[in-house]
>>> print(open('coords-v1.csv').read())   # CSV, C-alpha atoms and all ligand atoms
chain,number,residue,atom,x,y,z
R,1,MET,CA,0.0,0.0,0.0
R,2,ALA,CA,1.2,3.5,-0.8
R,3,GLU,CA,1.6,6.3,1.8
R,4,THR,CA,-1.1,6.8,4.4
R,5,SER,CA,-2.7,10.3,4.1
R,6,LEU,CA,-3.6,12.4,7.1
R,7,LEU,CA,-6.5,14.5,6.1
R,8,PRO,CA,-7.4,17.6,8.1
R,9,THR,CA,-11.1,18.3,9.1
R,10,ARG,CA,-10.8,21.9,10.5
R,11,THR,CA,-12.9,23.8,7.9
R,12,PRO,CA,-16.2,22.8,6.4
R,13,GLU,CA,-14.4,22.3,3.0
R,14,GLU,CA,-11.7,20.1,4.5
R,15,LEU,CA,-14.3,18.1,6.5
R,16,GLY,CA,-16.5,17.6,3.3
R,17,SER,CA,-13.7,16.3,1.2
R,18,ALA,CA,-12.3,14.1,4.1
R,19,VAL,CA,-15.7,12.6,4.6
R,20,ARG,CA,-16.1,11.9,0.9
R,21,ALA,CA,-12.6,10.3,0.7
R,22,ALA,CA,-13.4,8.1,3.8
R,23,VAL,CA,-16.7,6.9,2.4
R,24,GLU,CA,-15.2,6.1,-1.0
R,25,ALA,CA,-12.5,4.0,0.7
R,26,LEU,CA,-15.1,2.3,3.0
R,27,ARG,CA,-17.3,1.5,0.0
R,28,ALA,CA,-14.2,-0.1,-1.7
R,29,GLY,CA,-13.8,-2.3,1.4
R,30,GLU,CA,-10.8,-0.4,2.8
R,31,PRO,CA,-10.4,0.4,6.5
R,32,VAL,CA,-9.9,4.1,7.4
R,33,ALA,CA,-8.8,5.6,10.7
R,34,LEU,CA,-11.3,8.0,12.2
R,35,PRO,CA,-11.4,10.1,15.4
R,36,THR,CA,-14.0,9.3,18.1
R,37,GLU,CA,-14.5,11.0,21.4
R,38,THR,CA,-12.5,8.2,23.2
R,39,VAL,CA,-9.6,7.1,20.9
R,40,TYR,CA,-9.0,6.9,17.2
R,41,GLY,CA,-10.8,3.9,15.6
R,42,LEU,CA,-9.9,1.8,12.5
R,43,ALA,CA,-13.3,1.6,10.7
R,44,ALA,CA,-14.6,-0.7,8.0
R,45,ASP,CA,-18.0,-1.9,6.8
R,46,ALA,CA,-19.4,-4.1,9.6
R,47,ARG,CA,-21.6,-6.1,7.2
R,48,SER,CA,-18.7,-7.2,5.0
R,49,PRO,CA,-16.5,-10.1,6.2
R,50,ARG,CA,-13.9,-9.1,3.7
R,51,ALA,CA,-13.7,-5.5,4.9
R,52,ALA,CA,-13.6,-6.7,8.5
R,53,ALA,CA,-10.8,-9.0,7.6
R,54,ARG,CA,-8.7,-6.0,6.4
R,55,ILE,CA,-9.0,-4.5,10.0
R,56,PHE,CA,-7.6,-7.7,11.6
R,57,GLU,CA,-4.8,-7.7,8.9
R,58,ALA,CA,-3.8,-4.1,9.4
R,59,LYS,CA,-3.8,-4.3,13.2
R,60,GLU,CA,-2.3,-7.8,13.3
R,61,ARG,CA,-5.2,-8.6,15.6
R,62,PRO,CA,-5.9,-12.2,16.6
R,63,SER,CA,-9.2,-13.4,15.1
R,64,PHE,CA,-10.6,-14.4,18.5
R,65,ASP,CA,-10.8,-10.7,19.6
R,66,PRO,CA,-14.1,-9.2,18.5
R,67,LEU,CA,-14.7,-5.7,17.2
R,68,ILE,CA,-17.1,-2.9,18.3
R,69,VAL,CA,-19.8,-2.0,15.8
R,70,HIS,CA,-20.5,1.7,15.6
R,71,LEU,CA,-24.0,2.7,14.5
R,72,PRO,CA,-25.0,5.7,12.3
R,73,ASP,CA,-28.1,6.2,14.4
R,74,LEU,CA,-30.3,4.6,17.0
R,75,GLY,CA,-32.6,3.1,14.4
R,76,TRP,CA,-29.8,0.7,13.5
R,77,LEU,CA,-29.7,-0.9,17.0
R,78,GLU,CA,-32.5,-3.4,16.4
R,79,ARG,CA,-31.1,-4.2,13.0
R,80,VAL,CA,-27.8,-5.4,14.4
R,81,ALA,CA,-28.8,-6.7,17.9
R,82,TYR,CA,-31.6,-8.2,19.9
R,83,PHE,CA,-32.5,-6.9,23.4
R,84,ALA,CA,-33.0,-10.5,24.5
R,85,ASP,CA,-31.8,-13.5,22.5
R,86,PRO,CA,-34.7,-15.5,21.0
R,87,ASP,CA,-32.5,-18.6,21.1
R,88,ASP,CA,-31.5,-18.1,24.7
R,89,PRO,CA,-31.5,-21.7,26.2
R,90,ARG,CA,-33.1,-20.3,29.4
R,91,ARG,CA,-36.2,-19.5,27.3
R,92,GLU,CA,-37.2,-23.2,27.1
R,93,LYS,CA,-37.1,-23.6,30.8
R,94,MET,CA,-39.3,-20.6,31.5
R,95,PRO,CA,-43.0,-20.2,31.2
R,96,SER,CA,-43.6,-17.8,28.3
R,97,SER,CA,-44.9,-15.0,30.6
R,98,GLN,CA,-41.6,-15.1,32.5
R,99,TRP,CA,-39.6,-14.9,29.3
R,100,GLY,CA,-41.8,-12.1,28.2
R,101,SER,CA,-41.1,-10.0,31.3
R,102,PHE,CA,-37.3,-10.8,31.1
R,103,ALA,CA,-37.2,-9.6,27.5
R,104,ARG,CA,-39.2,-6.5,28.3
R,105,HIS,CA,-36.9,-5.7,31.2
R,106,GLN,CA,-33.8,-6.1,29.0
R,107,ARG,CA,-35.4,-3.8,26.4
R,108,GLU,CA,-36.3,-1.2,29.0
R,109,THR,CA,-32.7,-1.2,30.5
R,110,VAL,CA,-31.1,-0.8,27.1
R,111,LYS,CA,-33.5,2.0,26.1
R,112,ARG,CA,-32.7,3.8,29.4
R,113,LEU,CA,-28.9,3.4,28.9
R,114,THR,CA,-29.0,4.5,25.2
R,115,GLY,CA,-31.3,7.4,26.2
R,116,ALA,CA,-28.8,8.6,28.8
R,117,PHE,CA,-25.4,7.9,27.2
R,118,TRP,CA,-25.8,7.7,23.4
R,119,PRO,CA,-24.2,9.1,21.3
R,120,GLY,CA,-21.2,8.8,23.6
R,121,PRO,CA,-18.5,6.5,25.2
R,122,LEU,CA,-20.7,3.6,26.3
R,123,THR,CA,-20.6,0.2,24.5
R,124,LEU,CA,-23.3,-2.3,25.0
R,125,VAL,CA,-22.9,-6.1,24.5
R,126,LEU,CA,-26.1,-7.5,23.2
R,127,PRO,CA,-27.3,-10.7,21.5
R,128,ARG,CA,-26.2,-10.5,17.8
R,129,ARG,CA,-28.3,-10.6,14.7
R,130,SER,CA,-26.0,-12.8,12.7
R,131,GLU,CA,-27.8,-12.1,9.4
R,132,MET,CA,-26.5,-8.5,9.6
R,133,ILE,CA,-23.2,-8.8,11.5
R,134,PRO,CA,-20.9,-11.6,10.3
R,135,ASP,CA,-19.0,-14.0,12.5
R,136,ILE,CA,-15.6,-12.5,11.9
R,137,VAL,CA,-16.7,-9.1,13.4
R,138,ALA,CA,-17.9,-10.8,16.6
R,139,ALA,CA,-15.2,-13.5,16.6
R,140,GLY,CA,-18.0,-16.1,16.4
R,141,LEU,CA,-19.7,-15.0,19.6
R,142,GLY,CA,-23.5,-14.9,20.0
R,143,THR,CA,-23.2,-11.3,21.1
R,144,VAL,CA,-22.1,-8.0,19.4
R,145,ALA,CA,-20.6,-4.9,21.1
R,146,VAL,CA,-22.4,-1.8,19.8
R,147,ARG,CA,-22.0,1.9,20.3
R,148,MET,CA,-22.7,5.3,18.7
R,149,SER,CA,-19.9,7.8,18.6
R,150,ALA,CA,-20.6,11.4,19.5
R,151,HIS,CA,-17.5,12.7,17.6
R,152,PRO,CA,-18.7,15.0,14.8
R,153,VAL,CA,-16.2,13.7,12.3
R,154,PHE,CA,-17.0,10.0,13.0
R,155,ALA,CA,-20.8,10.8,13.0
R,156,ALA,CA,-20.5,12.6,9.6
R,157,VAL,CA,-18.7,9.6,8.1
R,158,ALA,CA,-21.1,7.1,9.6
R,159,ALA,CA,-24.1,9.1,8.3
R,160,ALA,CA,-22.7,9.5,4.8
R,161,PHE,CA,-21.7,5.8,4.7
R,162,GLY,CA,-25.2,4.9,5.9
R,163,GLY,CA,-24.4,1.7,7.7
R,164,PRO,CA,-22.7,0.1,10.7
R,165,LEU,CA,-18.9,0.4,11.0
R,166,ALA,CA,-16.7,-2.0,12.8
R,167,ALA,CA,-14.0,0.0,14.5
R,168,PRO,CA,-11.5,-1.2,17.1
R,169,SER,CA,-8.8,1.2,18.3
R,170,ALA,CA,-6.5,2.2,15.5
R,171,ASN,CA,-3.3,0.7,17.0
R,172,ARG,CA,-1.4,-2.4,16.1
R,173,PHE,CA,-2.5,-5.2,18.4
R,174,GLY,CA,-1.4,-5.0,22.0
R,175,ARG,CA,0.0,-1.4,21.6
R,176,ILE,CA,-1.1,1.9,23.1
R,177,SER,CA,-4.4,3.3,21.6
R,178,PRO,CA,-3.9,6.4,19.5
R,179,THR,CA,-5.4,9.7,20.8
R,180,THR,CA,-4.3,11.9,17.9
R,181,GLY,CA,-4.4,11.5,14.2
R,182,ALA,CA,-0.6,11.6,14.0
R,183,HIS,CA,-0.5,8.6,16.5
R,184,ALA,CA,-3.0,6.7,14.4
R,185,ARG,CA,-0.8,7.2,11.3
R,186,GLU,CA,2.3,6.3,13.2
R,187,GLU,CA,0.6,2.9,14.2
R,188,LEU,CA,-0.8,2.0,10.8
R,189,ARG,CA,1.5,3.8,8.3
R,190,GLY,CA,1.6,2.0,4.9
R,191,ARG,CA,-1.2,-0.4,6.0
R,192,ILE,CA,-4.3,1.8,5.4
R,193,PRO,CA,-5.0,4.5,2.9
R,194,LEU,CA,-6.4,7.3,5.2
R,195,VAL,CA,-6.5,8.8,8.6
R,196,LEU,CA,-9.0,11.6,9.3
R,197,ASP,CA,-7.3,14.1,11.7
R,198,ALA,CA,-9.2,16.0,14.3
R,199,GLY,CA,-6.5,16.5,16.8
R,200,PRO,CA,-6.5,15.0,20.4
R,201,THR,CA,-9.6,13.1,21.5
R,202,ALA,CA,-11.7,14.4,24.4
R,203,HIS,CA,-11.7,11.4,26.8
R,204,GLY,CA,-8.4,9.7,26.0
R,205,VAL,CA,-9.5,6.2,27.2
R,206,GLU,CA,-11.7,3.7,25.4
R,207,SER,CA,-15.5,3.4,25.9
R,208,THR,CA,-17.0,1.7,28.9
R,209,ILE,CA,-18.2,-1.8,27.9
R,210,VAL,CA,-21.3,-3.0,29.7
R,211,ARG,CA,-23.3,-6.2,29.3
R,212,PRO,CA,-26.9,-5.8,30.6
R,213,GLU,CA,-28.1,-9.1,32.0
R,214,SER,CA,-31.2,-9.8,34.1
R,215,GLY,CA,-31.2,-6.4,35.9
R,216,CYS,CA,-27.5,-6.4,36.4
R,217,LEU,CA,-25.0,-4.3,34.5
R,218,GLN,CA,-21.7,-6.2,34.0
R,219,ILE,CA,-18.8,-3.8,33.4
R,220,LEU,CA,-16.4,-5.6,31.0
R,221,ARG,CA,-14.1,-2.6,30.6
R,222,PRO,CA,-14.1,0.5,32.8
R,223,GLY,CA,-14.2,3.8,30.8
R,224,PRO,CA,-15.5,7.4,30.6
R,225,VAL,CA,-19.0,6.4,31.7
R,226,THR,CA,-18.2,5.5,35.3
R,227,ALA,CA,-19.6,2.8,37.6
R,228,GLU,CA,-21.1,5.6,39.7
R,229,GLN,CA,-23.0,6.9,36.7
R,230,LEU,CA,-24.2,3.4,35.8
R,231,ALA,CA,-25.5,2.6,39.3
R,232,GLU,CA,-28.7,4.5,38.5
R,233,PHE,CA,-29.6,2.0,35.8
R,234,GLY,CA,-29.0,-1.4,37.5
R,235,ASN,CA,-26.8,-3.4,39.9
R,236,VAL,CA,-23.3,-2.8,38.7
R,237,ILE,CA,-20.9,-5.8,38.6
R,238,HIS,CA,-17.2,-5.5,37.8
R,239,LEU,CA,-16.0,-8.3,35.5
R,240,SER,CA,-13.1,-6.4,34.0
R,241,GLY,CA,-10.0,-7.4,36.0
R,242,GLN,CA,-10.8,-11.1,36.0
R,243,ALA,CA,-9.5,-12.4,32.7
R,244,LYS,CA,-5.9,-13.6,32.9
R,245,ASP,CA,-5.6,-15.9,29.9
R,246,ASN,CA,-5.7,-15.3,26.2
R,247,ARG,CA,-9.4,-16.4,25.7
R,248,PRO,CA,-11.2,-14.6,28.5
R,249,GLU,CA,-14.9,-15.1,29.0
R,250,ALA,CA,-15.2,-11.4,28.5
R,251,PRO,CA,-12.9,-11.3,25.4
R,252,GLY,CA,-10.6,-8.4,24.7
R,253,MET,CA,-9.7,-8.1,28.4
R,254,LEU,CA,-6.3,-9.5,27.5
R,255,GLU,CA,-4.0,-8.7,30.3
R,256,SER,CA,-1.1,-7.2,28.4
R,257,HIS,CA,-3.0,-4.6,26.4
R,258,TYR,CA,-1.8,-1.0,26.1
R,259,ALA,CA,1.8,-2.0,26.5
R,260,PRO,CA,4.6,0.4,25.8
R,261,ARG,CA,7.8,-1.3,24.5
R,262,THR,CA,9.7,-0.1,27.6
R,263,PRO,CA,8.9,-2.3,30.6
R,264,LEU,CA,6.5,-0.5,33.0
R,265,ARG,CA,6.0,-1.0,36.7
R,266,LEU,CA,3.5,0.5,39.1
R,267,ILE,CA,4.4,2.3,42.4
R,268,ASP,CA,2.4,4.3,44.9
R,269,GLU,CA,2.4,8.1,44.6
R,270,GLY,CA,5.6,9.6,45.9
R,271,SER,CA,7.0,6.2,47.0
R,272,GLY,CA,10.5,5.0,46.5
R,273,LEU,CA,11.7,3.2,43.4
R,274,PRO,CA,12.0,-0.6,43.1
R,275,THR,CA,15.5,-1.8,44.0
R,276,GLY,CA,18.1,-1.5,41.2
R,277,HIS,CA,16.2,1.3,39.6
R,278,GLU,CA,18.5,4.4,39.1
R,279,PRO,CA,16.3,7.4,38.3
R,280,ALA,CA,18.8,8.7,35.7
R,281,ARG,CA,18.1,5.5,33.6
R,282,GLY,CA,14.3,5.6,33.9
R,283,ALA,CA,11.1,7.5,33.2
R,284,LEU,CA,8.3,8.5,35.6
R,285,LEU,CA,4.6,8.7,34.8
R,286,ALA,CA,3.6,10.9,37.8
R,287,TRP,CA,0.0,11.3,39.0
R,288,ARG,CA,0.2,14.9,40.4
R,289,ARG,CA,3.8,15.9,41.1
R,290,ARG,CA,7.0,15.9,39.1
R,291,ARG,CA,10.1,14.5,40.7
R,292,PRO,CA,13.7,15.4,39.8
R,293,GLY,CA,16.5,13.1,38.5
R,294,PHE,CA,14.6,11.1,35.9
R,295,LEU,CA,15.5,10.8,32.2
R,296,ALA,CA,11.9,11.8,31.4
R,297,VAL,CA,8.8,12.7,33.4
R,298,GLU,CA,5.2,13.1,32.5
R,299,THR,CA,2.6,14.4,35.0
R,300,LEU,CA,-1.0,13.2,34.4
R,301,SER,CA,-2.8,15.9,36.3
R,302,PRO,CA,-1.2,18.5,38.7
R,303,ALA,CA,-4.7,19.2,40.0
R,304,GLY,CA,-5.5,15.5,40.6
R,305,ASN,CA,-8.3,15.6,38.1
R,306,PRO,CA,-9.0,12.1,36.6
R,307,ARG,CA,-10.7,13.5,33.5
R,308,GLU,CA,-7.6,15.5,32.6
R,309,ALA,CA,-5.4,12.5,33.5
R,310,ALA,CA,-7.3,10.1,31.3
R,311,ALA,CA,-7.2,12.6,28.4
R,312,ARG,CA,-3.4,12.7,28.7
R,313,LEU,CA,-2.6,9.1,29.6
R,314,PHE,CA,-1.9,7.4,26.3
R,315,ALA,CA,0.0,10.4,24.8
R,316,ALA,CA,2.2,10.6,27.9
R,317,MET,CA,2.9,6.8,27.7
R,318,ARG,CA,3.9,7.2,24.1
R,319,ARG,CA,6.3,10.1,24.9
R,320,LEU,CA,7.9,8.2,27.8
R,321,ASP,CA,8.2,5.1,25.6
R,322,ALA,CA,10.1,7.2,23.1
R,323,ALA,CA,12.5,8.7,25.7
R,324,GLY,CA,15.1,5.9,25.5
R,325,ALA,CA,14.7,4.9,29.2
R,326,ASP,CA,15.4,1.4,30.4
R,327,TRP,CA,12.1,1.3,32.3
R,328,ILE,CA,9.0,3.4,33.2
R,329,VAL,CA,7.5,3.6,36.7
R,330,ALA,CA,3.9,4.8,36.8
R,331,GLU,CA,2.2,6.1,40.0
R,332,ARG,CA,-1.1,4.5,41.0
R,333,VAL,CA,-4.1,6.8,40.9
R,334,PRO,CA,-7.2,6.8,43.1
R,335,THR,CA,-9.8,4.4,41.6
R,336,ASP,CA,-13.0,6.4,42.1
R,337,GLY,CA,-14.8,7.6,39.0
R,338,LEU,CA,-12.7,7.7,35.9
R,339,GLY,CA,-9.6,6.6,38.0
R,340,ALA,CA,-10.9,3.0,37.6
R,341,ALA,CA,-10.4,3.2,33.9
R,342,ILE,CA,-6.9,4.8,34.2
R,343,MET,CA,-5.8,2.1,36.7
R,344,ASP,CA,-7.2,-0.6,34.4
R,345,ARG,CA,-5.1,0.6,31.5
R,346,LEU,CA,-2.0,1.1,33.7
R,347,THR,CA,-2.3,-2.4,35.2
R,348,ARG,CA,-2.5,-3.9,31.8
R,349,ALA,CA,0.5,-1.9,30.6
R,350,ALA,CA,2.5,-3.3,33.5
R,351,ALA,CA,1.4,-6.9,32.9
R,352,ARG,CA,4.1,-8.3,30.7
G,1,LIG,O1,-13.8,3.7,22.7
G,1,LIG,C1,-13.8,2.6,22.1
G,1,LIG,O2,-14.5,1.7,22.4
G,1,LIG,C2,-12.9,2.5,20.9
G,1,LIG,C3,-13.4,3.4,19.8
G,1,LIG,C4,-12.6,3.3,18.5
G,1,LIG,O3,-14.7,3.2,19.6
G,1,LIG,N1,-12.8,1.2,20.4
G,1,LIG,C5,-12.2,0.2,21.0
G,1,LIG,O4,-12.1,-1.0,20.4
G,1,LIG,O5,-11.6,0.3,22.1
G,1,LIG,P1,-11.1,-2.2,20.7
G,1,LIG,O6,-11.4,-3.3,19.7
G,1,LIG,O7,-9.8,-1.7,20.9
G,1,LIG,O8,-11.7,-2.8,22.0
G,1,LIG,C6,-13.0,-3.4,22.0
G,1,LIG,C7,-13.1,-4.3,23.1
G,1,LIG,C8,-12.2,-5.5,22.9
G,1,LIG,O9,-11.5,-5.7,24.1
G,1,LIG,C9,-13.1,-6.6,22.6
G,1,LIG,O10,-12.7,-7.9,23.0
G,1,LIG,C10,-14.4,-6.2,23.3
G,1,LIG,O11,-14.4,-4.9,23.1
G,1,LIG,N2,-15.6,-6.8,22.7
G,1,LIG,C11,-16.0,-6.7,21.4
G,1,LIG,N3,-17.1,-7.4,21.2
G,1,LIG,C12,-17.4,-8.1,22.3
G,1,LIG,C13,-18.4,-9.0,22.8
G,1,LIG,N4,-19.3,-9.4,21.9
G,1,LIG,N5,-18.4,-9.4,24.0
G,1,LIG,C14,-17.5,-9.0,24.9
G,1,LIG,N6,-16.5,-8.1,24.6
G,1,LIG,C15,-16.4,-7.7,23.3
G,2,MG,MG,-7.9,-1.6,21.5
>>> encode(input="coords-v1.csv", output="structure tokens")
Amino acid sequence: MAETSLLPTRTPEELGSAVRAAVEALRAGEPVALPTETVYGLAADARSPRAAARIFEAKERPSFDPLIVHLPDLGWLERVAYFADPDDPRREKMPSSQWGSFARHQRETVKRLTGAFWPGPLTLVLPRRSEMIPDIVAAGLGTVAVRMSAHPVFAAVAAAFGGPLAAPSANRFGRISPTTGAHAREELRGRIPLVLDAGPTAHGVESTIVRPESGCLQILRPGPVTAEQLAEFGNVIHLSGQAKDNRPEAPGMLESHYAPRTPLRLIDEGSGLPTGHEPARGALLAWRRRRPGFLAVETLSPAGNPREAAARLFAAMRRLDAAGADWIVAERVPTDGLGAAIMDRLTRAAAR
């Protein structure tokens, strides 16, 4: 493949021609990198197994890791997913009135969640309509992960394309998610035709993934929509930290995601370095306060604000990774609110 173009979207003219170029590539079955409010995504036609295969190829992503499907509008939800699976084996064991009320409750919960958080950084895992979303997109699972991006550039492309777009984060597999157009191009240069550039993303960490199930909301991945916000909509259960092997029950929760090339370890804020770690050889990812003597230092949020910290996290990790240090130490952050998503990503980055 020839050079990967980075197309600006600042003026209405630039946006118009970038959207046209993206839609043309998508219609030809090519993947294109697009900004979302969380991280940049690598999008392709979610109804086409061949287009989806190009995503796995460009990312070098293993085929057992399913993709998130991004909808152009709410009307698409019932075309790609069910609220309750008509083939659910539990259905046979229930009287039909009981199944009916279970299905109504699931529908009600999903409607309330989409009403509150869509378009936005919430992904829902629901029973999949396999006639619309092929096996390769969902890695053969009976479910599909769906969301609707609030980013104006993503929304414009999805609307002009007029169909669902499969879009994982636009990084090579296991690497740090891109939060700028330049980072997306750095990851996938020569592998895809286009990146639409809209500068840094607003949230900086990937969407919250939730599976609604019998009145419970299972959090498969913490993100910008916090457990505290979700508690209003059902009993919140955390499933994220549990998967340790390569084929987790909640897939995608592979432990060594988001890894910089430089080994990374976690320490408490302000605490001493692990033995044998000379500051002059290392890099520090500080929570609030810089410390002297390191080869490189990044501070997530001097004010201790988790929103600011999340927005800076991946770019800071990339800069420290490029600093030529032997190791990175990252300070743990408080895990309330968005801090849970930050600690989730840091723990995975440290896990190899
Ligand atoms: O914010 C985001 O969600 C970004 C932007 C681009 O939308 N996308 C993103 O995609 O983070 P990705 O592929 O990097 O992460 C999606 C995660 C994976 O861990 C995947 O395993 C999980 O979602 N996933 C996808 N389908 C699933 C399903 N049916 N059940 C459980 N987990 C699923
Ligand atoms: Mg990813």
>>> closest_residue(input="coords-v1.csv", among="R:Leu113, R:Val146, R:Leu67, R:Leu338", to="ligand MG 2 (chain G)", atoms="all atoms listed in the file")
R:Leu67
>>> atom_distance(input="coords-v1.csv", atom1="atom CA of Ala311 of chain R", atom2="atom CA of Arg221 of chain R")
16.8 Å
>>> residues_near_ligand(input="coords-v1.csv", ligand="ligand MG 2 (chain G)", cutoff="12 Å", atoms="all atoms listed in the file", output="VMD selection string")
chain R and resid 38 to 42 55 to 56 59 to 62 65 to 68 167 to 179 184 205 to 207 221 251 to 259 314 345 348
>>> atom_distance(input="coords-v1.csv", atom1="atom CA of Ser17 of chain R", atom2="atom CA of Arg191 of chain R")
21.4 Å
>>> atom_distance(input="coords-v1.csv", atom1="atom CA of Thr4 of chain R", atom2="atom CA of Ile192 of chain R")
6.0 Å
>>> closest_residue(input="coords-v1.csv", among="R:Gly100, R:Pro31, R:Pro134, R:Gly140", to="ligand LIG 1 (chain G)", atoms="only C-alpha atoms and all ligand atoms")
R:Gly140
>>> closest_residue(input="coords-v1.csv", among="R:Pro8, R:Pro86, R:Pro119, R:Gly223", to="ligand LIG 1 (chain G)", atoms="only C-alpha atoms and all ligand atoms")
R:Gly223
>>> residues_near_point(input="coords-v1.csv", point="(-19.3, 1.4, 15.3)", cutoff="7 Å", atoms="only C-alpha atoms", output="VMD selection string")
chain R and resid 68 to 71 146 to 148 164 to 167
>>> axis_aligned_box(input="coords-v1.csv", around="segment 130-141 of chain R", padding_each_side="3 Å", output="JSON")
{"center_x": -21.5, "center_y": -12.3, "center_z": 14.5, "size_x": 18.6, "size_y": 13.6, "size_z": 16.2}
>>> closest_residue(input="coords-v1.csv", among="R:Ala139, R:Met132, R:Leu6, R:Ala325", to="ligand LIG 1 (chain G)", atoms="only C-alpha atoms and all ligand atoms")
R:Ala139
>>> closest_residue(input="coords-v1.csv", among="R:Pro49, R:Gly162, R:Pro224, R:Gly215", to="ligand LIG 1 (chain G)", atoms="all atoms listed in the file")
R:Pro224
>>> residues_near_point(input="coords-v1.csv", point="(19.3, 10.9, 37.9)", cutoff="10 Å", atoms="only C-alpha atoms", output="PyMOL selection string")
chain R and resi 278-282+292-296
>>> residues_around(input="coords-v1.csv", residues="Val153 of chain R", least_positions_apart="3", cutoff="8 Å", atoms="only C-alpha atoms", output="list of chain:residue names")
R:Thr9, R:Leu15, R:Val19, R:Leu34, R:Pro35, R:Thr36, R:Ala156, R:Val157, R:Ala198
>>> write_last_selection(input="coords-v1.csv", atoms="C-alpha atoms", output="compact mmCIF listing (two decimals), in the coordinates of the input")
# COMPACT_ATOMS: atom_id res chain seq x y z
CA THR R 9 -11.10 18.30 9.10
CA LEU R 15 -14.30 18.10 6.50
CA VAL R 19 -15.70 12.60 4.60
CA LEU R 34 -11.30 8.00 12.20
CA PRO R 35 -11.40 10.10 15.40
CA THR R 36 -14.00 9.30 18.10
CA ALA R 156 -20.50 12.60 9.60
CA VAL R 157 -18.70 9.60 8.10
CA ALA R 198 -9.20 16.00 14.30
>>> closest_residue(input="coords-v1.csv", among="R:Leu196, R:Asp73, R:Leu217, R:Ala46", to="Thr180 of chain R", atoms="all atoms listed in the file")
R:Leu196
>>> residues_around(input="coords-v1.csv", residues="Ala2 of chain R", least_positions_apart="3", cutoff="12 Å", atoms="only C-alpha atoms", output="ChimeraX atom specification")
/R:5,188-194
>>> residues_around(input="coords-v1.csv", residues="segment 27-29 of chain R", least_positions_apart="2", cutoff="7 Å", atoms="only C-alpha atoms", output="list in words")
Val23, Glu24, Ala25, Pro31, Ala44, Asp45 and Ala51 of chain R
>>> decode(input="coords-v1.csv", residues="segment 123-166 of chain R", atoms="C-alpha atoms", output="PDB file, in the first residue's frame")
ATOM      1  CA  THR R 123     -20.575   0.240  24.454  1.00  0.00           C
ATOM      2  CA  LEU R 124     -23.324  -2.338  25.034  1.00  0.00           C
ATOM      3  CA  VAL R 125     -22.863  -6.075  24.543  1.00  0.00           C
ATOM      4  CA  LEU R 126     -26.138  -7.549  23.240  1.00  0.00           C
ATOM      5  CA  PRO R 127     -27.334 -10.687  21.460  1.00  0.00           C
ATOM      6  CA  ARG R 128     -26.163 -10.477  17.834  1.00  0.00           C
ATOM      7  CA  ARG R 129     -28.269 -10.594  14.667  1.00  0.00           C
ATOM      8  CA  SER R 130     -25.952 -12.812  12.658  1.00  0.00           C
ATOM      9  CA  GLU R 131     -27.761 -12.099   9.373  1.00  0.00           C
ATOM     10  CA  MET R 132     -26.488  -8.493   9.648  1.00  0.00           C
ATOM     11  CA  ILE R 133     -23.207  -8.796  11.546  1.00  0.00           C
ATOM     12  CA  PRO R 134     -20.938 -11.591  10.279  1.00  0.00           C
ATOM     13  CA  ASP R 135     -19.041 -14.022  12.507  1.00  0.00           C
ATOM     14  CA  ILE R 136     -15.631 -12.475  11.857  1.00  0.00           C
ATOM     15  CA  VAL R 137     -16.709  -9.134  13.388  1.00  0.00           C
ATOM     16  CA  ALA R 138     -17.929 -10.822  16.586  1.00  0.00           C
ATOM     17  CA  ALA R 139     -15.213 -13.512  16.617  1.00  0.00           C
ATOM     18  CA  GLY R 140     -18.004 -16.068  16.387  1.00  0.00           C
ATOM     19  CA  LEU R 141     -19.682 -14.980  19.645  1.00  0.00           C
ATOM     20  CA  GLY R 142     -23.470 -14.918  19.955  1.00  0.00           C
ATOM     21  CA  THR R 143     -23.192 -11.296  21.056  1.00  0.00           C
ATOM     22  CA  VAL R 144     -22.141  -8.037  19.422  1.00  0.00           C
ATOM     23  CA  ALA R 145     -20.640  -4.939  21.063  1.00  0.00           C
ATOM     24  CA  VAL R 146     -22.374  -1.764  19.834  1.00  0.00           C
ATOM     25  CA  ARG R 147     -21.964   1.934  20.343  1.00  0.00           C
ATOM     26  CA  MET R 148     -22.678   5.287  18.680  1.00  0.00           C
ATOM     27  CA  SER R 149     -19.851   7.810  18.594  1.00  0.00           C
ATOM     28  CA  ALA R 150     -20.560  11.442  19.473  1.00  0.00           C
ATOM     29  CA  HIS R 151     -17.521  12.715  17.563  1.00  0.00           C
ATOM     30  CA  PRO R 152     -18.729  15.038  14.768  1.00  0.00           C
ATOM     31  CA  VAL R 153     -16.199  13.653  12.257  1.00  0.00           C
ATOM     32  CA  PHE R 154     -17.036  10.021  13.031  1.00  0.00           C
ATOM     33  CA  ALA R 155     -20.754  10.803  13.035  1.00  0.00           C
ATOM     34  CA  ALA R 156     -20.470  12.556   9.647  1.00  0.00           C
ATOM     35  CA  VAL R 157     -18.670   9.581   8.089  1.00  0.00           C
ATOM     36  CA  ALA R 158     -21.120   7.063   9.588  1.00  0.00           C
ATOM     37  CA  ALA R 159     -24.100   9.091   8.336  1.00  0.00           C
ATOM     38  CA  ALA R 160     -22.662   9.504   4.833  1.00  0.00           C
ATOM     39  CA  PHE R 161     -21.718   5.811   4.699  1.00  0.00           C
ATOM     40  CA  GLY R 162     -25.211   4.921   5.900  1.00  0.00           C
ATOM     41  CA  GLY R 163     -24.403   1.666   7.665  1.00  0.00           C
ATOM     42  CA  PRO R 164     -22.705   0.142  10.720  1.00  0.00           C
ATOM     43  CA  LEU R 165     -18.910   0.447  10.977  1.00  0.00           C
ATOM     44  CA  ALA R 166     -16.749  -2.048  12.823  1.00  0.00           C
TER      45      ALA R 166
END
